[in-house]
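In what follows, a single structure is set out as structure tokens and then discussed.
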Amino acid sequence: MSERYVTPPHLSPDEFRRQGHAVIDWIADYWQRVGEQPVLSQLSPGSVRDRLPTEAPMNGEAFEALLSDLDDVVLPGLTHWQHPRFFAYFPANSSPAAVLGDLISSGIGAQGMLWSTSPAVTELEQRVTDWLSAAIGLGAWSRNDGRGGGVIQDTASTATMTALLAALHRATAGRARDAGVQDGKAYAVYASTEAHSSLLKAAMMTGIGYQNVRQIPVDPRTQQMDTTALRTAIERDVAEGICPVMVVSAVGTTATCAIDDTLAIGRITAEHGIWLHVDAAFAGVAAVCPEHRRVLAGVDEYADSLVTNPHKWLLTSFDCSAFWVRNRSALTGALSILPEYLRNAATASGDVVDYRDWHPQLGRRFRSLKLWAVMRTYGITGLQAHIRSGIAMAEQLETLILQDDRFELVLPRALSLVCFALKDADRTEQLMNAVNASGVAYLTHTRLQGRFVIRASIGGVWTTPADIDHTWQAIQQTVDQLLETEA
Ligand SMILES: *Cc1c(COP(=O)(O)O)cnc(C)c1O
């Protein structure tokens with residue numbers, strides 16, 4: 001043995017087993033007591049950092065030391081996304097089954113950039129994305145045995161950028177990847193003013209440019225894209241020699257969960273040969289329930305790509321974003337590159353899919369394991385039960401709001417998202433801040449026509465009807481106090 005060889009202090013497999021059990025116990029305890037914690041971390045900036053040593057230990061410590069700091073230092077600095085009364089943004093479900101699947105992925109530690117670097121990573125992902133596309137009712141266009149297919153990406157933002165790269169490749173007949181978009185020609189993309197900011201970011205990153213995102217107005221009552229305005233914007237650009245690259249249909253906008261009319265948008269994109277990307281990051285998974293499939297109406301007929309996030313509402317720990325394309329050749333055409341060190345017989349045979357060509361990065365985790373764990377242990381009926389229970393609790397909240405004449409529903413409830421405000425408009429922000437400061441629940445807001453509106457986004461793994469009642473009581477008490485101080 002070389003004299004320079006020193007055995008590094010790995011945890012032995014047996015020590016790992018012991019510590020691993022302790023970690024699983026810690027997580028299970030965390031879930032059991034998370035509902036007793038204030039939802040929103042109350043710490044001031046810097047207070048976690050100040051409690052951590054400024055330098056790494058020179059010699060390794062026992063793993064127990066880390067576990068105890070987890071309780072003392074980390075926990076107070078957490079906003080508890082798995083808290084049963086976390087109603088902010090959209091949920092980020094982390095179910096027990098998904099956590100176990102993710103742990104297995106880490107333990108296996110395979111990097112699935114090529115089919116040949118672990119055939120199971122690619123083939124399980126193909127099967128599971130097929131399962132999910134069938135579960136949400138997508139047609140054959142999305143399956144991996146045809147010209148299209150599915151892939152798991154880190155986030156919807158990355159998936160939307162990927163869609164834009166593929167769309168640009170198609171719109172420029174391949175010129176964009178080789179010559180870039182600095183060819184003196186202008187390109188444009190289109191989405192409603194309510195579509196997610198990831199499209200603007202994608203336009204910035206692809207070189208299309210922020211200014212070339214046409215933000216199409218919405219109908220103020222429904223928050224849906226005005227498709228007449230879309231048509232006008234496209235026709236104006238075409239007349240001026242600007243090349244329309246992609247239109248995004250927002251299926252579940254982040255502010256209010258508005259659902260664009262993908263069918264009407266698709267008729268326009270089909271007429272002009274423009275790539276149609278459907279951003280169903282939050283709402284798409286609701287289609288596991290047949291009664292909610294209408295959110296995806298028009299997708300089978302017209303979409304070139306679609307993204308939905310199991311890591312939001314479908315019980316699969318972040319990150320897990322499912323992305324499908326109708327024609328994978330635009331994708332691989334835009335992104336495929338084969339340096340010598342990645343050449344291998346399987347790739348050369350053309351018989352396999354190399355997922356490195358389906359997203360910006362090369363390396364990739366074995367993410368399908370957690371979705372596989374979720375889909376197998378819940379089954380389709382279990383997934384449906386989760387979606388339906390989230391919607392039922394949103395209905396419960398909606399009913400409570402309607403019974404209190406100090407409040408109003410600003411828009412009709414959309415799936416599990418409830419947008420409401422005090423009729424006394426100036427007080428709504430104060431109310432939300434006071435509820436959040438109390439630690440009972442965590443709510444975030446949006447603005448509609450300038451008006452401050454509270455969004456209650458239901459759908460956590462551990463939320464029960466009692467949590468809705470508890471939250472509503474806290475909201476009512478807070479309003480009582482606000483009105484008292486005023487009197
Ligand atoms: C949450 C959300 C996104 C961004 O999701 P990431 O996966 O975090 O990138 C994009 N679009 C919509 C409509 C969203 O709700």
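Residue numbers start at 1 in each chain; chains themselves are named A, B, ... in the order of the structure tokens; ligands are numbered from 1 in the order shown.
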
Inset, instruction - Would you mind listing what lies within 8 Å of range 390-401 of chain A as a list of chain:residue names, with only C-alpha atoms counted and same-chain residues fewer than 4 positions away left out? - result: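 In the requested format, the answer is A:His386, A:Asp405, A:Phe407, A:Glu408, A:Leu409, A:Arg413, A:Leu415, A:Ser416, A:Leu417, A:Val418, A:Phe420, A:Ser457, A:Ile458, A:Gly459, A:Gly460, A:Thr464, A:Pro465, A:Ile468, A:Asp469, A:Trp472.
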
Could you write those residues out with N, CA and C atoms, as a compact mmCIF listing (two decimals), in the first residue's frame?
# COMPACT_ATOMS: atom_id res chain seq x y z
N HIS A 386 -55.70 12.68 -2.38
CA HIS A 386 -54.95 13.85 -1.90
C HIS A 386 -55.42 15.13 -2.59
N ASP A 405 -69.62 38.47 6.83
CA ASP A 405 -69.84 39.55 5.86
C ASP A 405 -68.78 40.66 5.94
N PHE A 407 -65.83 39.89 5.03
CA PHE A 407 -64.89 39.41 4.02
C PHE A 407 -65.56 39.27 2.66
N GLU A 408 -64.74 39.21 1.64
CA GLU A 408 -65.26 38.79 0.35
C GLU A 408 -64.27 37.91 -0.40
N LEU A 409 -64.82 37.02 -1.19
CA LEU A 409 -64.01 36.22 -2.11
C LEU A 409 -63.73 37.13 -3.30
N ARG A 413 -63.13 30.50 -6.07
CA ARG A 413 -62.07 29.54 -5.73
C ARG A 413 -61.63 28.80 -6.99
N LEU A 415 -59.58 25.44 -7.93
CA LEU A 415 -59.02 24.22 -7.35
C LEU A 415 -58.84 24.43 -5.85
N SER A 416 -57.58 24.41 -5.37
CA SER A 416 -57.39 24.51 -3.92
C SER A 416 -56.88 25.89 -3.50
N LEU A 417 -57.03 26.87 -4.38
CA LEU A 417 -56.55 28.22 -4.06
C LEU A 417 -57.74 29.16 -3.82
N VAL A 418 -57.71 29.84 -2.69
CA VAL A 418 -58.80 30.75 -2.31
C VAL A 418 -58.21 32.16 -2.18
N PHE A 420 -58.99 35.95 -1.10
CA PHE A 420 -60.00 36.71 -0.36
C PHE A 420 -59.41 37.97 0.24
N SER A 457 -53.48 28.89 -0.05
CA SER A 457 -53.18 27.80 -0.97
C SER A 457 -53.16 26.51 -0.16
N ILE A 458 -54.17 25.68 -0.35
CA ILE A 458 -54.34 24.47 0.47
C ILE A 458 -53.71 23.29 -0.28
N GLY A 459 -53.39 22.23 0.44
CA GLY A 459 -52.89 21.04 -0.28
C GLY A 459 -51.66 20.42 0.35
N GLY A 460 -51.35 20.78 1.59
CA GLY A 460 -50.21 20.18 2.28
C GLY A 460 -50.47 18.71 2.60
N THR A 464 -55.44 19.07 7.74
CA THR A 464 -56.75 18.43 7.95
C THR A 464 -57.82 19.53 8.05
N PRO A 465 -59.09 19.16 7.98
CA PRO A 465 -60.16 20.16 8.11
C PRO A 465 -60.04 20.95 9.42
N ILE A 468 -58.06 24.04 8.96
CA ILE A 468 -58.78 25.13 8.29
C ILE A 468 -59.60 25.90 9.33
N ASP A 469 -60.31 25.15 10.18
CA ASP A 469 -61.11 25.81 11.22
C ASP A 469 -60.22 26.64 12.16
N TRP A 472 -59.11 29.76 10.43
CA TRP A 472 -60.19 30.74 10.25
C TRP A 472 -60.50 31.44 11.58

Inset, instruction - Residues within 10 Å of ligand 1 should be enumerated using only C-alpha atoms and all ligand atoms and returned as a ChimeraX atom specification. - result: /A:89-92,153-161,194-199,249-259,278-284,307-312,318-322

Mind checking which residues fall within 8 Å of Ala441 in chain A, counting only C-alpha atoms, ignoring those fewer than 5 positions away in the same chain, and posting them as a short mmCIF file (atom, residue, chain, number, x, y, z; two decimals) with N, CA, C and O atoms, in the first residue's frame?
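This went into out18.cif:
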data_model
loop_
_atom_site.label_atom_id
_atom_site.label_comp_id
_atom_site.auth_asym_id
_atom_site.auth_seq_id
_atom_site.Cartn_x
_atom_site.Cartn_y
_atom_site.Cartn_z
N PRO A 38 -44.36 27.54 15.30
CA PRO A 38 -44.85 28.66 14.47
C PRO A 38 -44.51 28.36 13.00
O PRO A 38 -43.39 27.92 12.72
N VAL A 39 -45.44 28.59 12.10
CA VAL A 39 -45.19 28.19 10.71
C VAL A 39 -44.04 28.98 10.10
O VAL A 39 -43.13 28.43 9.49
N LEU A 40 -44.10 30.29 10.32
CA LEU A 40 -43.13 31.19 9.67
C LEU A 40 -41.99 31.44 10.66
O LEU A 40 -42.23 31.79 11.81
N ARG A 85 -50.50 24.04 8.55
CA ARG A 85 -51.13 25.33 8.26
C ARG A 85 -50.21 26.25 7.45
O ARG A 85 -50.26 27.47 7.55
N PHE A 86 -49.40 25.64 6.62
CA PHE A 86 -48.62 26.38 5.62
C PHE A 86 -49.52 26.55 4.40
O PHE A 86 -49.82 25.59 3.69
N PHE A 87 -49.97 27.78 4.18
CA PHE A 87 -50.88 28.06 3.05
C PHE A 87 -50.29 29.10 2.09
O PHE A 87 -51.01 29.74 1.33
N VAL A 435 -51.64 37.66 11.27
CA VAL A 435 -51.84 36.20 11.34
C VAL A 435 -50.49 35.50 11.17
O VAL A 435 -50.15 34.58 11.92
N ASN A 436 -49.70 35.95 10.22
CA ASN A 436 -48.40 35.32 10.01
C ASN A 436 -47.49 35.50 11.23
O ASN A 436 -46.78 34.58 11.62
N THR A 471 -57.34 27.95 11.57
CA THR A 471 -56.82 29.14 10.87
C THR A 471 -57.91 30.20 10.75
O THR A 471 -57.66 31.39 10.98
#

Inset, instruction - Name the residues in contact with Gly150 in chain A at a cut-off of 7 Å, using only C-alpha atoms, excluding same-chain residues fewer than 4 positions from it; report them as a PyMOL selection string. - result: chain A and resi 126+129-130+142-144+322-325

Those same residues, written as a PDB file, in the first residue's frame with C-alpha atoms?
ATOM      1  CA  GLN A 126     -39.343   6.726 -19.045  1.00  0.00           C
ATOM      2  CA  THR A 129     -43.228   9.692 -16.866  1.00  0.00           C
ATOM      3  CA  ASP A 130     -45.474   7.473 -19.025  1.00  0.00           C
ATOM      4  CA  SER A 142     -46.477  12.379 -24.668  1.00  0.00           C
ATOM      5  CA  ARG A 143     -45.401   8.736 -24.331  1.00  0.00           C
ATOM      6  CA  ASN A 144     -41.860   7.534 -24.613  1.00  0.00           C
ATOM      7  CA  ALA A 322     -42.300  16.442 -15.204  1.00  0.00           C
ATOM      8  CA  PHE A 323     -41.862  17.715 -18.746  1.00  0.00           C
ATOM      9  CA  TRP A 324     -43.206  16.193 -21.953  1.00  0.00           C
ATOM     10  CA  VAL A 325     -42.549  17.054 -25.584  1.00  0.00           C
TER      11      VAL A 325
END

Inset, instruction - Once DSSP has gone over the backbone, tell me which residues of range 161-380 of chain A are in helix (DSSP H, G or I), as a count of residues only. - result: 102

Inset, instruction - Do a neighbour search on Cys289 in chain A at 9 Å with only C-alpha atoms, toss out local chain neighbours closer than 5 positions, and write the hits as a VMD selection string. - result: chain A and resid 135 to 136 380 to 381 383 to 385 387 to 388

Inset, instruction - Just the residues within 12 Å of Gln37 in chain A, please, counting only C-alpha atoms, with nothing from its chain fewer than 6 positions along; format it as a PyMOL selection string. - result: chain A and resi 30-31+75-86+438-442

For the strand (DSSP E) assignment from backbone DSSP, which residues of range 235-363 of chain A qualify? Please present them as a tab-separated table (two decimals) with all heavy atoms, in the first residue's frame.
chain	number	residue	atom	x	y	z
A	243	CYS	N	-39.90	37.29	-35.58
A	243	CYS	CA	-40.24	35.87	-35.63
A	243	CYS	C	-40.87	35.40	-34.31
A	243	CYS	O	-40.20	35.40	-33.28
A	243	CYS	CB	-38.96	35.08	-35.92
A	243	CYS	SG	-39.18	33.30	-35.83
A	244	PRO	N	-42.13	34.99	-34.33
A	244	PRO	CA	-42.75	34.46	-33.10
A	244	PRO	C	-42.20	33.07	-32.81
A	244	PRO	O	-42.24	32.19	-33.66
A	244	PRO	CB	-44.24	34.39	-33.44
A	244	PRO	CG	-44.41	35.04	-34.77
A	244	PRO	CD	-43.08	34.97	-35.45
A	245	VAL	N	-41.67	32.87	-31.61
A	245	VAL	CA	-41.00	31.61	-31.30
A	245	VAL	C	-41.88	30.69	-30.47
A	245	VAL	O	-41.99	29.50	-30.75
A	245	VAL	CB	-39.67	31.88	-30.55
A	245	VAL	CG1	-39.03	30.57	-30.12
A	245	VAL	CG2	-38.72	32.67	-31.42
A	246	MET	N	-42.50	31.23	-29.42
A	246	MET	CA	-43.24	30.36	-28.52
A	246	MET	C	-44.36	31.14	-27.83
A	246	MET	O	-44.20	32.32	-27.52
A	246	MET	CB	-42.28	29.79	-27.46
A	246	MET	CG	-42.90	28.80	-26.49
A	246	MET	SD	-41.65	27.91	-25.50
A	246	MET	CE	-41.56	28.95	-24.05
A	247	VAL	N	-45.46	30.44	-27.59
A	247	VAL	CA	-46.54	30.99	-26.76
A	247	VAL	C	-46.66	30.08	-25.55
A	247	VAL	O	-46.60	28.85	-25.67
A	247	VAL	CB	-47.88	31.04	-27.53
A	247	VAL	CG1	-48.99	31.55	-26.62
A	247	VAL	CG2	-47.76	31.91	-28.78
A	248	VAL	N	-46.82	30.68	-24.38
A	248	VAL	CA	-47.05	29.90	-23.17
A	248	VAL	C	-48.51	30.03	-22.76
A	248	VAL	O	-49.03	31.14	-22.65
A	248	VAL	CB	-46.15	30.37	-22.01
A	248	VAL	CG1	-46.53	29.67	-20.70
A	248	VAL	CG2	-44.68	30.10	-22.33
A	249	SER	N	-49.16	28.88	-22.57
A	249	SER	CA	-50.48	28.88	-21.97
A	249	SER	C	-50.29	28.58	-20.49
A	249	SER	O	-49.69	27.56	-20.11
A	249	SER	CB	-51.36	27.80	-22.62
A	249	SER	OG	-52.59	27.71	-21.93
A	250	ALA	N	-50.77	29.49	-19.64
A	250	ALA	CA	-50.61	29.32	-18.19
A	250	ALA	C	-51.81	28.55	-17.65
A	250	ALA	O	-52.92	29.06	-17.63
A	250	ALA	CB	-50.49	30.68	-17.52
A	275	TRP	N	-44.52	27.33	-31.54
A	275	TRP	CA	-44.44	26.34	-30.46
A	275	TRP	C	-45.38	26.74	-29.32
A	275	TRP	O	-45.35	27.88	-28.86
A	275	TRP	CB	-43.00	26.28	-29.94
A	275	TRP	CG	-42.71	25.17	-28.97
A	275	TRP	CD1	-43.09	25.11	-27.66
A	275	TRP	CD2	-41.97	23.97	-29.22
A	275	TRP	NE1	-42.63	23.94	-27.08
A	275	TRP	CE2	-41.94	23.23	-28.02
A	275	TRP	CE3	-41.31	23.45	-30.35
A	275	TRP	CZ2	-41.28	22.00	-27.90
A	275	TRP	CZ3	-40.66	22.22	-30.23
A	275	TRP	CH2	-40.65	21.52	-29.02
A	276	LEU	N	-46.20	25.79	-28.87
A	276	LEU	CA	-47.08	26.04	-27.73
A	276	LEU	C	-46.59	25.25	-26.52
A	276	LEU	O	-46.57	24.02	-26.53
A	276	LEU	CB	-48.53	25.63	-28.07
A	276	LEU	CG	-49.51	25.71	-26.90
A	276	LEU	CD1	-49.60	27.12	-26.31
A	276	LEU	CD2	-50.91	25.25	-27.34
A	277	HIS	N	-46.18	26.00	-25.50
A	277	HIS	CA	-45.73	25.38	-24.26
A	277	HIS	C	-46.80	25.63	-23.19
A	277	HIS	O	-47.29	26.75	-23.05
A	277	HIS	CB	-44.40	26.01	-23.82
A	277	HIS	CG	-43.91	25.52	-22.49
A	277	HIS	ND1	-43.62	24.20	-22.22
A	277	HIS	CD2	-43.66	26.20	-21.32
A	277	HIS	CE1	-43.21	24.07	-20.96
A	277	HIS	NE2	-43.23	25.26	-20.39
A	278	VAL	N	-47.16	24.58	-22.47
A	278	VAL	CA	-48.17	24.72	-21.43
A	278	VAL	C	-47.48	24.65	-20.07
A	278	VAL	O	-46.82	23.67	-19.74
A	278	VAL	CB	-49.24	23.61	-21.56
A	278	VAL	CG1	-50.25	23.71	-20.43
A	278	VAL	CG2	-49.91	23.69	-22.92
A	279	ASP	N	-47.60	25.75	-19.33
A	279	ASP	CA	-47.03	25.79	-17.99
A	279	ASP	C	-48.14	25.46	-17.00
A	279	ASP	O	-48.92	26.32	-16.61
A	279	ASP	CB	-46.44	27.17	-17.70
A	279	ASP	CG	-45.88	27.27	-16.28
A	279	ASP	OD1	-45.94	26.26	-15.54
A	279	ASP	OD2	-45.38	28.36	-15.91
A	305	SER	N	-45.28	21.12	-25.84
A	305	SER	CA	-44.63	20.68	-24.61
A	305	SER	C	-45.49	21.10	-23.42
A	305	SER	O	-46.32	22.01	-23.53
A	305	SER	CB	-43.23	21.29	-24.49
A	305	SER	OG	-43.28	22.70	-24.58
A	306	LEU	N	-45.30	20.40	-22.32
A	306	LEU	CA	-46.06	20.69	-21.11
A	306	LEU	C	-45.19	20.38	-19.91
A	306	LEU	O	-44.44	19.41	-19.91
A	306	LEU	CB	-47.35	19.85	-21.06
A	306	LEU	CG	-48.21	20.00	-19.79
A	306	LEU	CD1	-49.69	20.07	-20.15
A	306	LEU	CD2	-48.00	18.87	-18.79
A	307	VAL	N	-45.33	21.22	-18.89
A	307	VAL	CA	-44.64	20.93	-17.63
A	307	VAL	C	-45.65	20.95	-16.49
A	307	VAL	O	-46.56	21.78	-16.47
A	307	VAL	CB	-43.50	21.95	-17.37
A	307	VAL	CG1	-43.98	23.38	-17.20
A	307	VAL	CG2	-42.69	21.54	-16.12
A	308	THR	N	-45.50	19.99	-15.56
A	308	THR	CA	-46.24	20.05	-14.31
A	308	THR	C	-45.35	19.51	-13.20
A	308	THR	O	-44.46	18.69	-13.45
A	308	THR	CB	-47.59	19.29	-14.40
A	308	THR	OG1	-48.35	19.58	-13.21
A	308	THR	CG2	-47.42	17.78	-14.52
A	321	SER	N	-39.94	17.83	-11.49
A	321	SER	CA	-40.77	18.56	-12.43
A	321	SER	C	-40.89	17.71	-13.69
A	321	SER	O	-39.88	17.37	-14.30
A	321	SER	CB	-40.08	19.89	-12.72
A	321	SER	OG	-40.90	20.74	-13.45
A	322	ALA	N	-42.11	17.34	-14.06
A	322	ALA	CA	-42.30	16.44	-15.20
A	322	ALA	C	-42.56	17.27	-16.46
A	322	ALA	O	-43.39	18.18	-16.46
A	322	ALA	CB	-43.47	15.51	-14.94
A	323	PHE	N	-41.82	16.94	-17.51
A	323	PHE	CA	-41.86	17.71	-18.75
A	323	PHE	C	-42.03	16.75	-19.91
A	323	PHE	O	-41.31	15.76	-20.01
A	323	PHE	CB	-40.54	18.49	-18.86
A	323	PHE	CG	-40.34	19.27	-20.14
A	323	PHE	CD1	-41.15	20.35	-20.44
A	323	PHE	CD2	-39.32	18.94	-21.02
A	323	PHE	CE1	-40.95	21.08	-21.62
A	323	PHE	CE2	-39.11	19.67	-22.19
A	323	PHE	CZ	-39.93	20.74	-22.48
A	324	TRP	N	-42.99	17.05	-20.77
A	324	TRP	CA	-43.21	16.19	-21.95
A	324	TRP	C	-43.10	17.03	-23.22
A	324	TRP	O	-43.52	18.20	-23.23
A	324	TRP	CB	-44.60	15.56	-21.91
A	324	TRP	CG	-44.78	14.55	-20.84
A	324	TRP	CD1	-44.44	13.22	-20.90
A	324	TRP	CD2	-45.34	14.76	-19.54
A	324	TRP	NE1	-44.75	12.60	-19.70
A	324	TRP	CE2	-45.30	13.51	-18.86
A	324	TRP	CE3	-45.86	15.86	-18.87
A	324	TRP	CZ2	-45.77	13.34	-17.55
A	324	TRP	CZ3	-46.33	15.70	-17.57
A	324	TRP	CH2	-46.28	14.46	-16.92
A	325	VAL	N	-42.58	16.41	-24.26
A	325	VAL	CA	-42.55	17.05	-25.58
A	325	VAL	C	-43.23	16.15	-26.61
A	325	VAL	O	-43.19	14.93	-26.49
A	325	VAL	CB	-41.12	17.31	-26.13
A	325	VAL	CG1	-40.52	18.54	-25.53
A	325	VAL	CG2	-40.23	16.11	-25.97

Legend entry - Which residue of A:Arg293, A:Arg231, A:Arg17, A:Arg447 approaches Arg267 in chain A most closely, using only C-alpha atoms: A:Arg231

Legend entry - Selection near range 45-50 of chain A, 8 Å with only C-alpha atoms, sequence-local residues under 2 positions removed, as a PyMOL selection string: chain A and resi 43+52-53+73-74+77

Selection file, C-alpha atoms, as a compact mmCIF listing (two decimals), in the first residue's frame:
# COMPACT_ATOMS: atom_id res chain seq x y z
CA LEU A 43 -35.75 34.95 13.35
CA LEU A 52 -22.57 28.54 13.44
CA PRO A 53 -18.78 28.34 13.71
CA VAL A 73 -29.75 26.04 15.51
CA VAL A 74 -31.54 24.98 12.33
CA GLY A 77 -34.59 29.19 11.46

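Among the candidate residues A:Ile268, A:Val6, A:Val453, A:Leu314, the one lying nearest to Ala286 in chain A is A:Leu314, with distances computed using only C-alpha atoms.
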
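For the residues A:Asp237, A:Glu429, A:Glu55, A:Glu123, ranking by smallest atom-to-atom distance to Leu482 in chain A using only C-alpha atoms places A:Glu429 first.
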